[in-house]
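Undergrad: protein02.cif is reproduced below (mmCIF, C-alpha atoms and all ligand atoms).
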```cif
data_entry
loop_
_atom_site.group_PDB
_atom_site.id
_atom_site.type_symbol
_atom_site.label_atom_id
_atom_site.label_comp_id
_atom_site.auth_asym_id
_atom_site.auth_seq_id
_atom_site.Cartn_x
_atom_site.Cartn_y
_atom_site.Cartn_z
ATOM 1 C CA MET A 28 29.511 -18.002 -27.841
ATOM 2 C CA THR A 29 29.524 -17.264 -24.158
ATOM 3 C CA ALA A 30 26.609 -15.776 -22.271
ATOM 4 C CA ILE A 31 26.635 -12.230 -20.956
ATOM 5 C CA THR A 32 27.002 -12.400 -17.181
ATOM 6 C CA LEU A 33 24.095 -10.972 -15.190
ATOM 7 C CA ASP A 34 26.347 -9.535 -12.515
ATOM 8 C CA GLY A 35 24.308 -9.403 -9.310
ATOM 9 C CA VAL A 36 27.081 -7.831 -7.248
ATOM 10 C CA ALA A 37 27.522 -4.878 -9.624
ATOM 11 C CA THR A 38 23.772 -4.459 -10.199
ATOM 12 C CA ALA A 39 22.993 -4.620 -6.480
ATOM 13 C CA SER A 40 25.680 -2.055 -5.915
ATOM 14 C CA ALA A 41 24.003 0.314 -8.396
ATOM 15 C CA VAL A 42 20.628 -0.242 -6.685
ATOM 16 C CA LYS A 43 22.185 0.417 -3.274
ATOM 17 C CA SER A 44 23.793 3.642 -4.393
ATOM 18 C CA GLU A 45 20.410 4.895 -5.661
ATOM 19 C CA LEU A 46 18.825 3.902 -2.355
ATOM 20 C CA THR A 47 21.473 5.816 -0.411
ATOM 21 C CA THR A 48 20.272 9.052 -2.013
ATOM 22 C CA ARG A 49 16.666 8.302 -1.065
ATOM 23 C CA ILE A 50 17.681 7.402 2.491
ATOM 24 C CA THR A 51 19.502 10.713 2.866
ATOM 25 C CA GLU A 52 16.324 12.432 1.705
ATOM 26 C CA LEU A 53 14.218 10.487 4.214
ATOM 27 C CA ARG A 54 16.562 11.310 7.070
ATOM 28 C CA ALA A 55 16.445 14.988 6.084
ATOM 29 C CA HIS A 56 12.682 14.753 6.677
ATOM 30 C CA GLY A 57 13.171 13.110 10.054
ATOM 31 C CA VAL A 58 12.320 9.571 8.919
ATOM 32 C CA VAL A 59 14.938 6.996 9.862
ATOM 33 C CA PRO A 60 14.445 3.661 8.105
ATOM 34 C CA GLY A 61 15.155 0.670 10.316
ATOM 35 C CA LEU A 62 15.239 -3.018 9.371
ATOM 36 C CA GLY A 63 14.608 -5.638 12.043
ATOM 37 C CA THR A 64 15.601 -9.278 11.738
ATOM 38 C CA LEU A 65 14.242 -12.143 13.776
ATOM 39 C CA LEU A 66 16.458 -15.213 13.770
ATOM 40 C CA VAL A 67 15.464 -18.334 15.673
ATOM 41 C CA GLY A 68 18.107 -20.985 16.278
ATOM 42 C CA ASP A 69 21.717 -21.299 15.191
ATOM 43 C CA ASP A 70 21.650 -22.589 11.615
ATOM 44 C CA PRO A 71 24.995 -21.373 10.184
ATOM 45 C CA ALA A 72 23.586 -20.426 6.754
ATOM 46 C CA SER A 73 20.753 -18.415 8.338
ATOM 47 C CA ARG A 74 23.211 -16.695 10.683
ATOM 48 C CA SER A 75 25.405 -15.678 7.792
ATOM 49 C CA TYR A 76 22.435 -14.407 5.711
ATOM 50 C CA VAL A 77 21.210 -12.320 8.639
ATOM 51 C CA ALA A 78 24.697 -10.941 9.233
ATOM 52 C CA GLY A 79 24.823 -9.976 5.548
ATOM 53 C CA LYS A 80 21.543 -8.076 5.847
ATOM 54 C CA HIS A 81 22.902 -6.018 8.750
ATOM 55 C CA ARG A 82 26.070 -5.242 6.785
ATOM 56 C CA ASP A 83 23.943 -4.115 3.819
ATOM 57 C CA CYS A 84 21.930 -1.817 6.069
ATOM 58 C CA ALA A 85 25.059 -0.217 7.502
ATOM 59 C CA GLU A 86 26.343 0.339 3.969
ATOM 60 C CA VAL A 87 23.323 2.369 2.832
ATOM 61 C CA GLY A 88 22.391 4.145 6.079
ATOM 62 C CA ILE A 89 19.495 2.000 7.281
ATOM 63 C CA GLU A 90 19.447 1.328 11.027
ATOM 64 C CA SER A 91 19.221 -2.345 11.855
ATOM 65 C CA ILE A 92 17.761 -4.100 14.830
ATOM 66 C CA ARG A 93 18.668 -7.683 15.498
ATOM 67 C CA VAL A 94 16.559 -10.085 17.545
ATOM 68 C CA ASP A 95 18.015 -13.567 18.056
ATOM 69 C CA LEU A 96 16.161 -16.325 19.873
ATOM 70 C CA PRO A 97 17.704 -19.665 20.880
ATOM 71 C CA ARG A 98 16.744 -22.874 19.080
ATOM 72 C CA SER A 99 14.807 -23.834 22.230
ATOM 73 C CA ALA A 100 12.429 -20.847 21.833
ATOM 74 C CA SER A 101 8.752 -21.824 22.014
ATOM 75 C CA THR A 102 6.142 -20.685 19.518
ATOM 76 C CA ALA A 103 4.889 -18.334 22.249
ATOM 77 C CA ASP A 104 8.385 -16.803 22.385
ATOM 78 C CA VAL A 105 8.398 -16.301 18.621
ATOM 79 C CA ARG A 106 4.933 -14.747 18.738
ATOM 80 C CA ALA A 107 6.067 -12.365 21.482
ATOM 81 C CA ALA A 108 9.141 -11.332 19.475
ATOM 82 C CA ILE A 109 6.958 -10.631 16.422
ATOM 83 C CA ARG A 110 4.552 -8.603 18.548
ATOM 84 C CA ASP A 111 7.478 -6.522 19.867
ATOM 85 C CA LEU A 112 8.793 -5.904 16.340
ATOM 86 C CA ASN A 113 5.308 -4.838 15.231
ATOM 87 C CA SER A 114 5.218 -2.182 17.938
ATOM 88 C CA ALA A 115 8.887 -1.097 17.934
ATOM 89 C CA ARG A 116 8.931 2.451 16.555
ATOM 90 C CA GLU A 117 12.509 2.256 15.303
ATOM 91 C CA VAL A 118 11.647 -0.812 13.206
ATOM 92 C CA THR A 119 10.045 0.424 9.974
ATOM 93 C CA GLY A 120 10.293 -3.008 8.366
ATOM 94 C CA TYR A 121 11.470 -6.457 9.403
ATOM 95 C CA ILE A 122 11.875 -10.058 8.366
ATOM 96 C CA VAL A 123 11.442 -13.390 10.090
ATOM 97 C CA GLN A 124 14.381 -15.424 8.802
ATOM 98 C CA LEU A 125 13.231 -18.668 7.212
ATOM 99 C CA PRO A 126 13.304 -21.567 7.707
ATOM 100 C CA LEU A 127 12.203 -21.511 11.340
ATOM 101 C CA PRO A 128 13.395 -24.514 13.368
ATOM 102 C CA ALA A 129 11.121 -27.573 13.208
ATOM 103 C CA GLY A 130 8.031 -27.284 15.375
ATOM 104 C CA HIS A 131 7.034 -23.737 14.362
ATOM 105 C CA ASP A 132 4.260 -23.145 11.834
ATOM 106 C CA GLU A 133 5.954 -20.723 9.418
ATOM 107 C CA ASN A 134 2.788 -19.599 7.669
ATOM 108 C CA ALA A 135 1.102 -18.877 11.002
ATOM 109 C CA MET A 136 4.115 -16.801 12.095
ATOM 110 C CA LEU A 137 4.269 -14.870 8.804
ATOM 111 C CA GLU A 138 0.617 -13.996 9.258
ATOM 112 C CA LEU A 139 1.405 -12.240 12.566
ATOM 113 C CA ILE A 140 3.691 -9.697 10.890
ATOM 114 C CA ASP A 141 2.179 -6.214 10.514
ATOM 115 C CA PRO A 142 1.688 -6.100 6.688
ATOM 116 C CA ASP A 143 2.953 -2.504 6.648
ATOM 117 C CA LYS A 144 6.232 -3.687 8.198
ATOM 118 C CA ASP A 145 6.583 -6.810 6.069
ATOM 119 C CA ALA A 146 9.982 -6.230 4.418
ATOM 120 C CA ASP A 147 9.898 -9.636 2.702
ATOM 121 C CA GLY A 148 6.495 -9.213 1.043
ATOM 122 C CA LEU A 149 5.486 -12.636 2.342
ATOM 123 C CA HIS A 150 2.504 -11.686 4.524
ATOM 124 C CA PRO A 151 -0.747 -13.060 3.041
ATOM 125 C CA THR A 152 -2.097 -9.522 2.641
ATOM 126 C CA ASN A 153 0.879 -8.534 0.535
ATOM 127 C CA LEU A 154 0.834 -11.782 -1.441
ATOM 128 C CA GLY A 155 -2.858 -11.028 -2.004
ATOM 129 C CA ARG A 156 -2.027 -7.550 -3.255
ATOM 130 C CA LEU A 157 0.504 -9.132 -5.600
ATOM 131 C CA VAL A 158 -2.362 -11.173 -7.029
ATOM 132 C CA LEU A 159 -4.658 -8.141 -7.205
ATOM 133 C CA GLY A 160 -2.187 -6.093 -9.250
ATOM 134 C CA ILE A 161 -0.273 -2.868 -9.228
ATOM 135 C CA GLU A 162 -2.952 -0.192 -9.354
ATOM 136 C CA GLY A 163 -4.282 1.598 -6.319
ATOM 137 C CA GLU A 164 -2.927 3.547 -3.417
ATOM 138 C CA LEU A 165 -1.848 0.750 -1.136
ATOM 139 C CA HIS A 166 1.819 0.220 -0.464
ATOM 140 C CA SER A 167 2.681 -3.390 -1.075
ATOM 141 C CA PRO A 168 6.201 -4.785 -0.877
ATOM 142 C CA LEU A 169 7.148 -7.434 -3.437
ATOM 143 C CA PRO A 170 8.901 -10.640 -2.423
ATOM 144 C CA CYS A 171 12.609 -9.842 -2.628
ATOM 145 C CA THR A 172 13.932 -12.592 -4.903
ATOM 146 C CA PRO A 173 11.248 -12.190 -7.605
ATOM 147 C CA ALA A 174 11.680 -8.405 -7.467
ATOM 148 C CA GLY A 175 15.457 -8.822 -7.734
ATOM 149 C CA ILE A 176 15.152 -11.079 -10.778
ATOM 150 C CA VAL A 177 12.915 -8.619 -12.626
ATOM 151 C CA GLU A 178 15.144 -5.680 -11.665
ATOM 152 C CA MET A 179 18.218 -7.486 -12.960
ATOM 153 C CA LEU A 180 16.560 -8.358 -16.303
ATOM 154 C CA ARG A 181 15.410 -4.755 -16.711
ATOM 155 C CA ARG A 182 18.823 -3.316 -16.035
ATOM 156 C CA TYR A 183 20.353 -5.619 -18.648
ATOM 157 C CA ASP A 184 17.586 -4.757 -21.147
ATOM 158 C CA VAL A 185 16.471 -8.369 -21.420
ATOM 159 C CA PRO A 186 12.988 -8.252 -23.014
ATOM 160 C CA ILE A 187 10.162 -9.563 -20.825
ATOM 161 C CA ARG A 188 6.916 -8.536 -22.534
ATOM 162 C CA GLY A 189 5.394 -11.377 -24.522
ATOM 163 C CA GLN A 190 8.346 -13.638 -23.712
ATOM 164 C CA HIS A 191 8.027 -17.172 -22.461
ATOM 165 C CA VAL A 192 9.350 -17.678 -18.936
ATOM 166 C CA THR A 193 9.805 -21.137 -17.472
ATOM 167 C CA VAL A 194 10.183 -21.138 -13.700
ATOM 168 C CA ILE A 195 11.500 -24.308 -12.082
ATOM 169 C CA GLY A 196 10.237 -24.504 -8.493
ATOM 170 C CA ARG A 197 6.997 -23.391 -6.859
ATOM 171 C CA GLY A 198 8.282 -22.357 -3.431
ATOM 172 C CA LEU A 199 6.802 -19.510 -1.399
ATOM 173 C CA THR A 200 9.770 -17.154 -1.651
ATOM 174 C CA VAL A 201 10.656 -17.533 -5.348
ATOM 175 C CA GLY A 202 8.724 -19.646 -7.858
ATOM 176 C CA ARG A 203 5.138 -19.070 -6.796
ATOM 177 C CA PRO A 204 5.272 -15.252 -6.450
ATOM 178 C CA LEU A 205 7.556 -14.939 -9.487
ATOM 179 C CA GLY A 206 4.870 -16.471 -11.699
ATOM 180 C CA LEU A 207 2.397 -13.887 -10.408
ATOM 181 C CA LEU A 208 4.829 -11.021 -10.930
ATOM 182 C CA PHE A 209 5.879 -11.909 -14.488
ATOM 183 C CA THR A 210 2.262 -12.216 -15.642
ATOM 184 C CA ARG A 211 1.211 -8.836 -14.255
ATOM 185 C CA LYS A 212 0.099 -6.043 -16.550
ATOM 186 C CA GLY A 213 3.196 -4.053 -17.403
ATOM 187 C CA LEU A 214 5.520 -7.063 -17.406
ATOM 188 C CA ASP A 215 3.271 -9.232 -19.572
ATOM 189 C CA ALA A 216 5.321 -12.405 -19.819
ATOM 190 C CA THR A 217 3.835 -15.854 -20.376
ATOM 191 C CA VAL A 218 4.810 -18.157 -17.532
ATOM 192 C CA THR A 219 5.116 -21.910 -17.199
ATOM 193 C CA LEU A 220 5.498 -22.754 -13.502
ATOM 194 C CA THR A 221 7.096 -26.181 -13.161
ATOM 195 C CA HIS A 222 7.826 -28.366 -10.136
ATOM 196 C CA SER A 223 8.954 -31.816 -9.078
ATOM 197 C CA ARG A 224 5.922 -33.535 -10.643
ATOM 198 C CA THR A 225 6.241 -31.800 -14.022
ATOM 199 C CA GLU A 226 6.463 -34.293 -16.878
ATOM 200 C CA ASP A 227 9.226 -33.588 -19.385
ATOM 201 C CA LEU A 228 10.808 -30.624 -17.651
ATOM 202 C CA ALA A 229 13.422 -30.408 -20.410
ATOM 203 C CA ALA A 230 10.688 -29.658 -22.972
ATOM 204 C CA GLU A 231 9.200 -26.923 -20.772
ATOM 205 C CA VAL A 232 12.620 -25.314 -20.368
ATOM 206 C CA ARG A 233 13.486 -25.656 -24.062
ATOM 207 C CA ARG A 234 10.772 -23.250 -25.171
ATOM 208 C CA ALA A 235 11.669 -20.565 -22.641
ATOM 209 C CA ASP A 236 13.220 -17.202 -23.476
ATOM 210 C CA ILE A 237 13.859 -16.747 -19.745
ATOM 211 C CA VAL A 238 14.587 -19.660 -17.416
ATOM 212 C CA VAL A 239 14.561 -19.294 -13.633
ATOM 213 C CA ALA A 240 15.888 -22.263 -11.675
ATOM 214 C CA ALA A 241 14.908 -22.178 -7.999
ATOM 215 C CA VAL A 242 14.986 -25.738 -6.722
ATOM 216 C CA GLY A 243 18.245 -26.437 -4.902
ATOM 217 C CA VAL A 244 19.456 -29.403 -6.974
ATOM 218 C CA PRO A 245 23.090 -28.819 -7.979
ATOM 219 C CA HIS A 246 23.636 -28.412 -11.742
ATOM 220 C CA MET A 247 20.294 -29.953 -12.709
ATOM 221 C CA VAL A 248 19.671 -27.541 -15.608
ATOM 222 C CA LYS A 249 21.600 -28.885 -18.605
ATOM 223 C CA PRO A 250 22.836 -27.024 -21.686
ATOM 224 C CA GLU A 251 20.733 -29.278 -23.988
ATOM 225 C CA TRP A 252 17.607 -27.880 -22.307
ATOM 226 C CA ILE A 253 18.351 -24.253 -23.164
ATOM 227 C CA LYS A 254 17.061 -22.419 -26.225
ATOM 228 C CA PRO A 255 20.103 -20.677 -27.736
ATOM 229 C CA GLY A 256 20.233 -17.079 -26.541
ATOM 230 C CA ALA A 257 17.831 -17.536 -23.611
ATOM 231 C CA ALA A 258 18.402 -15.681 -20.324
ATOM 232 C CA VAL A 259 19.063 -18.100 -17.463
ATOM 233 C CA LEU A 260 18.784 -17.115 -13.809
ATOM 234 C CA ASP A 261 20.332 -19.501 -11.317
ATOM 235 C CA VAL A 262 18.627 -19.060 -7.953
ATOM 236 C CA GLY A 263 18.835 -22.368 -6.060
ATOM 237 C CA ILE A 264 21.939 -22.826 -3.979
ATOM 238 C CA THR A 265 23.335 -25.900 -2.284
ATOM 239 C CA ARG A 266 26.393 -26.296 -0.141
ATOM 240 C CA VAL A 267 28.336 -29.282 -1.447
ATOM 241 C CA ALA A 268 31.755 -30.632 -0.535
ATOM 242 C CA ASP A 269 34.427 -29.587 -3.015
ATOM 243 C CA GLU A 270 35.845 -32.745 -4.666
ATOM 244 C CA GLU A 271 39.455 -31.647 -4.233
ATOM 245 C CA THR A 272 39.532 -29.779 -0.933
ATOM 246 C CA GLY A 273 36.562 -31.454 0.798
ATOM 247 C CA LYS A 274 35.467 -27.984 1.950
ATOM 248 C CA GLY A 275 31.861 -26.824 1.599
ATOM 249 C CA LYS A 276 31.255 -24.666 -1.461
ATOM 250 C CA LEU A 277 28.125 -23.109 -2.943
ATOM 251 C CA THR A 278 26.691 -24.714 -6.065
ATOM 252 C CA GLY A 279 23.783 -23.425 -8.121
ATOM 253 C CA ASP A 280 21.019 -25.257 -9.990
ATOM 254 C CA VAL A 281 22.536 -24.543 -13.412
ATOM 255 C CA ASP A 282 25.258 -26.611 -15.079
ATOM 256 C CA PRO A 283 28.130 -24.197 -15.915
ATOM 257 C CA ALA A 284 28.127 -25.503 -19.528
ATOM 258 C CA VAL A 285 24.833 -23.588 -19.986
ATOM 259 C CA ALA A 286 27.023 -20.496 -20.476
ATOM 260 C CA GLU A 287 27.902 -21.813 -23.949
ATOM 261 C CA VAL A 288 24.232 -21.763 -25.055
ATOM 262 C CA ALA A 289 22.503 -19.014 -23.060
ATOM 263 C CA GLY A 290 22.446 -15.336 -24.063
ATOM 264 C CA HIS A 291 22.534 -14.160 -20.444
ATOM 265 C CA LEU A 292 23.406 -16.123 -17.320
ATOM 266 C CA SER A 293 23.402 -15.105 -13.678
ATOM 267 C CA PRO A 294 26.266 -16.679 -11.751
ATOM 268 C CA ASN A 295 25.625 -18.312 -8.399
ATOM 269 C CA PRO A 296 26.913 -17.059 -6.049
ATOM 270 C CA GLY A 297 27.158 -13.472 -7.286
ATOM 271 C CA GLY A 298 23.855 -13.272 -9.160
ATOM 272 C CA VAL A 299 20.343 -13.269 -7.761
ATOM 273 C CA GLY A 300 21.455 -13.513 -4.085
ATOM 274 C CA PRO A 301 22.902 -9.990 -3.875
ATOM 275 C CA MET A 302 19.859 -8.664 -5.798
ATOM 276 C CA THR A 303 17.549 -10.294 -3.241
ATOM 277 C CA ARG A 304 19.348 -8.428 -0.499
ATOM 278 C CA ALA A 305 19.201 -5.143 -2.408
ATOM 279 C CA MET A 306 15.433 -5.533 -2.905
ATOM 280 C CA LEU A 307 14.990 -6.100 0.828
ATOM 281 C CA LEU A 308 16.630 -2.708 1.395
ATOM 282 C CA ALA A 309 14.404 -1.226 -1.329
ATOM 283 C CA ASN A 310 11.310 -2.534 0.449
ATOM 284 C CA VAL A 311 12.410 -0.887 3.692
ATOM 285 C CA VAL A 312 13.041 2.414 1.916
ATOM 286 C CA LYS A 313 9.695 2.261 0.083
ATOM 287 C CA ALA A 314 7.832 1.590 3.320
ATOM 288 C CA ALA A 315 9.537 4.583 4.939
ATOM 289 C CA GLU A 316 8.719 6.797 1.939
ATOM 290 C CA PHE A 317 5.139 5.631 2.105
ATOM 291 C CA LYS A 318 5.049 6.625 5.755
ATOM 292 C CA LEU A 319 6.341 10.086 4.799
ATOM 293 C CA HIS A 320 4.368 10.853 1.641
ATOM 294 C CA GLY A 321 1.468 8.450 1.769
ATOM 295 C CA ARG A 322 2.639 6.689 -1.379
HETATM 296 N N1 LIG B 1 12.509 -14.354 5.586
HETATM 297 C C1 LIG B 1 13.423 -14.686 4.714
HETATM 298 N N2 LIG B 1 13.706 -13.857 3.685
HETATM 299 C C2 LIG B 1 14.671 -14.185 2.778
HETATM 300 O O1 LIG B 1 14.928 -13.423 1.821
HETATM 301 C C3 LIG B 1 15.367 -15.412 2.949
HETATM 302 C C4 LIG B 1 15.042 -16.228 4.025
HETATM 303 N N3 LIG B 1 14.072 -15.840 4.890
HETATM 304 N N4 LIG B 1 15.672 -17.392 4.213
HETATM 305 C C5 LIG B 1 16.726 -17.845 3.373
HETATM 306 C C6 LIG B 1 16.645 -17.251 1.988
HETATM 307 C C7 LIG B 1 17.963 -17.257 1.268
HETATM 308 N N5 LIG B 1 18.268 -15.867 1.003
HETATM 309 C C8 LIG B 1 19.459 -15.419 0.445
HETATM 310 C C9 LIG B 1 19.679 -14.103 0.141
HETATM 311 C C10 LIG B 1 20.887 -13.681 -0.369
HETATM 312 C C11 LIG B 1 21.903 -14.568 -0.592
HETATM 313 C C12 LIG B 1 23.200 -14.094 -1.113
HETATM 314 O O2 LIG B 1 23.438 -12.918 -1.246
HETATM 315 N N6 LIG B 1 24.128 -15.014 -1.430
HETATM 316 C C13 LIG B 1 25.430 -14.710 -1.922
HETATM 317 C C14 LIG B 1 26.438 -15.700 -1.369
HETATM 318 C C15 LIG B 1 26.397 -15.761 0.127
HETATM 319 C C16 LIG B 1 27.372 -16.750 0.718
HETATM 320 O O3 LIG B 1 28.550 -16.729 0.328
HETATM 321 O O4 LIG B 1 26.938 -17.534 1.587
HETATM 322 C C17 LIG B 1 25.425 -14.791 -3.443
HETATM 323 O O5 LIG B 1 24.499 -15.373 -3.989
HETATM 324 O O6 LIG B 1 26.360 -14.284 -4.035
HETATM 325 C C18 LIG B 1 21.690 -15.888 -0.321
HETATM 326 C C19 LIG B 1 20.486 -16.312 0.187
HETATM 327 C C20 LIG B 1 17.300 -15.084 1.516
HETATM 328 N N7 LIG B 1 16.352 -15.826 2.087
#
```
Could you show the structure in this file as structure tokens?

TA:
Amino acid sequence: MTAITLDGVATASAVKSELTTRITELRAHGVVPGLGTLLVGDDPASRSYVAGKHRDCAEVGIESIRVDLPRSASTADVRAAIRDLNSAREVTGYIVQLPLPAGHDENAMLELIDPDKDADGLHPTNLGRLVLGIEGELHSPLPCTPAGIVEMLRRYDVPIRGQHVTVIGRGLTVGRPLGLLFTRKGLDATVTLTHSRTEDLAAEVRRADIVVAAVGVPHMVKPEWIKPGAAVLDVGITRVADEETGKGKLTGDVDPAVAEVAGHLSPNPGGVGPMTRAMLLANVVKAAEFKLHGR
């Protein structure tokens, strides 16, 4: 048996085509969605992620505004750039690309983002609204990777309600908010949130119907850990040297042999990454719609 591939490229493409329709509608009402990015420093991976976000915007008709600061930028410079993005009218949503170079307090910078323009859903107000739940009239963006994972499972009709989800990794952008999202009313999964100090990780993974690996340790999730038929989402990504060519290549957290046991498996690259990007666009569109209709 081989797992069904959770194709992030195809699914993101479907999401983007639906967004294009909504963007056309927004523009017809005089609202032009615009995504800003703030990149500090010259980390090659961050540069390429940011470039990808601008390409995505162009594809669906979102304007994009790019702010790049040199590695030498001070925290005062970063604060000033965030202040400008908060007040820029053409920026309806924006992100501060993480990680920031050493010396900047990321949480303090995230807190300076106008929560209404927080395209990543990582401002404490929006994380707080994630904890508070889905009811009410406040617009609250969801963190992009967790939202992308849930969207992918839904579109492949993978059951979530009452299912056991084991998340490996408790980071700010994936594991921690994903646990909150999966346990919300309406999704109703049971979540085990594991991390580097978890005893007997294999046992925690073995009872999961859905496994999300978001740690950044190449091929750490082994086929023996997987309940037959489980859905496995491979989120962590590491650049490792290819044994034959010596060139850098991207490697996920999940051992490829897991495909022989799992029911569904997201490839990496080509799985959750493209969905993350699609959900960023969705957050920008939702914020613009909120501006237009109030909700
Ligand atoms: N403020 C902030 N928001 C983020 O959402 C954020 C961030 N900072 N910092 C870094 C991480 C990482 N991240 C990725 C998103 C998509 C792919 C993606 O689409 N990857 C392609 C492969 C890309 C390649 O070839 O390099 C794939 O998985 O198929 C990867 C990584 C967003 N992040």

Undergrad: Expressed in Å to a single decimal, how great is the separation between CA of Leu220 (chain A) and CA of Asp236 (chain A)?

TA: 13.8 Å

Undergrad: Expanded to explicit residues, what is the PyMOL selection byres (((chain A and resi 175-178) around 7) and not hetatm) for this file, as JSON, numbers by chain?

TA: {"A": [171, 172, 173, 174, 179, 180, 181, 182, 299, 302, 303, 306]}

Undergrad: Which residues are near ligand LIG 1 (chain B) in this structure, taking near to mean any atom at most 7 Å from a ligand atom and counting all atoms listed in the file? Format them as a count of residues only.

TA: 21

Undergrad: Leaving out Val42 (chain A) and any residue of its chain fewer than 2 positions from it, which residues lie within 9 Å of it when counting only C-alpha atoms, given as a count of residues only?

TA: 12

Undergrad: Which of these residues is nearest to Ile50 (chain A), using all atoms listed in the file: A:Ser99, A:Val312, A:Phe209, A:Arg197?

TA: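 For Ile50 (chain A), the nearest of the given residues is A:Val312.
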
Undergrad: Just to confirm, what's the straight-line distance from CA of Lys318 (chain A) to CA of Arg203 (chain A) in Å (one decimal)?

TA: 28.6 Å

Undergrad: Which of these residues is nearest to Ile187 (chain A), using all atoms listed in the file: A:Gly213, A:Gly256, A:Gly57, A:Gly35?

TA: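 Of A:Gly213, A:Gly256, A:Gly57, A:Gly35, the one nearest Ile187 (chain A) is A:Gly213, counting all atoms listed in the file.
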
Undergrad: Run the PyMOL selection byres (((chain A and resi 188) around 8) and not hetatm) on the file and write out the hits as a list in words.

TA: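 What the PyMOL selection byres (((chain A and resi 188) around 8) and not hetatm) grabs from the file is Pro186, Ile187, Gly189, Gln190, Gly213, Leu214, Asp215 and Ala216 of chain A.
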
Undergrad: Could you state which residues are captured by the PyMOL selection byres (((chain A and resi 257) around 12) and not hetatm) in this file, as JSON, numbers by chain?

TA: {"A": [29, 30, 31, 180, 185, 186, 187, 190, 191, 192, 193, 232, 233, 234, 235, 236, 237, 238, 239, 250, 252, 253, 254, 255, 256, 258, 259, 260, 285, 286, 287, 288, 289, 290, 291, 292, 293]}

Undergrad: Box time for region 245-259 of chain A: axis-aligned, enclosing all its listed atoms, 5 Å extra on each side; report centre and edge lengths in Å to one decimal, as AutoDock Vina command-line options.

TA:
```
--center_x 20.3 --center_y -22.8 --center_z -17.9 --size_x 16.6 --size_y 24.3 --size_z 29.8
```

Undergrad: One number please: CA of Ser91 (chain A) to CA of Glu316 (chain A), in Å, one decimal.

TA: 17.1 Å

Undergrad: Please identify all polymer residues within 12 Å of Gly148 (chain A), counting all atoms listed in the file, omitting same-chain residues fewer than 2 positions from it, and present them as a PyMOL selection string.

TA: chain A and resi 120-123+137-138+140-146+150-157+166-174+199-201+204+303+306-307+309-311+313-314

Undergrad: Hey, what's within 10 Å of Leu66 (chain A) if we count only C-alpha atoms and toss same-chain stuff fewer than 3 positions away? As a PDB file with C-alpha atoms, in the frame of the given file, please?

TA:
```
ATOM      1  CA  GLY A  63      14.608  -5.638  12.043  1.00  0.00           C
ATOM      2  CA  ASP A  69      21.717 -21.299  15.191  1.00  0.00           C
ATOM      3  CA  ASP A  70      21.650 -22.589  11.615  1.00  0.00           C
ATOM      4  CA  SER A  73      20.753 -18.415   8.338  1.00  0.00           C
ATOM      5  CA  ARG A  74      23.211 -16.695  10.683  1.00  0.00           C
ATOM      6  CA  VAL A  77      21.210 -12.320   8.639  1.00  0.00           C
ATOM      7  CA  ARG A  93      18.668  -7.683  15.498  1.00  0.00           C
ATOM      8  CA  VAL A  94      16.559 -10.085  17.545  1.00  0.00           C
ATOM      9  CA  ASP A  95      18.015 -13.567  18.056  1.00  0.00           C
ATOM     10  CA  LEU A  96      16.161 -16.325  19.873  1.00  0.00           C
ATOM     11  CA  PRO A  97      17.704 -19.665  20.880  1.00  0.00           C
ATOM     12  CA  ARG A  98      16.744 -22.874  19.080  1.00  0.00           C
ATOM     13  CA  VAL A 105       8.398 -16.301  18.621  1.00  0.00           C
ATOM     14  CA  ILE A 122      11.875 -10.058   8.366  1.00  0.00           C
ATOM     15  CA  VAL A 123      11.442 -13.390  10.090  1.00  0.00           C
ATOM     16  CA  GLN A 124      14.381 -15.424   8.802  1.00  0.00           C
ATOM     17  CA  LEU A 125      13.231 -18.668   7.212  1.00  0.00           C
ATOM     18  CA  PRO A 126      13.304 -21.567   7.707  1.00  0.00           C
ATOM     19  CA  LEU A 127      12.203 -21.511  11.340  1.00  0.00           C
ATOM     20  CA  PRO A 128      13.395 -24.514  13.368  1.00  0.00           C
TER      21      PRO A 128
END
```

Undergrad: Can you work out which one of A:Ile89, A:Leu149, A:Leu139, A:Ala284 has the shortest atom-to-atom distance to Arg54 (chain A), counting all atoms listed in the file?

TA: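 Closest residue, counting all atoms listed in the file: A:Ile89.
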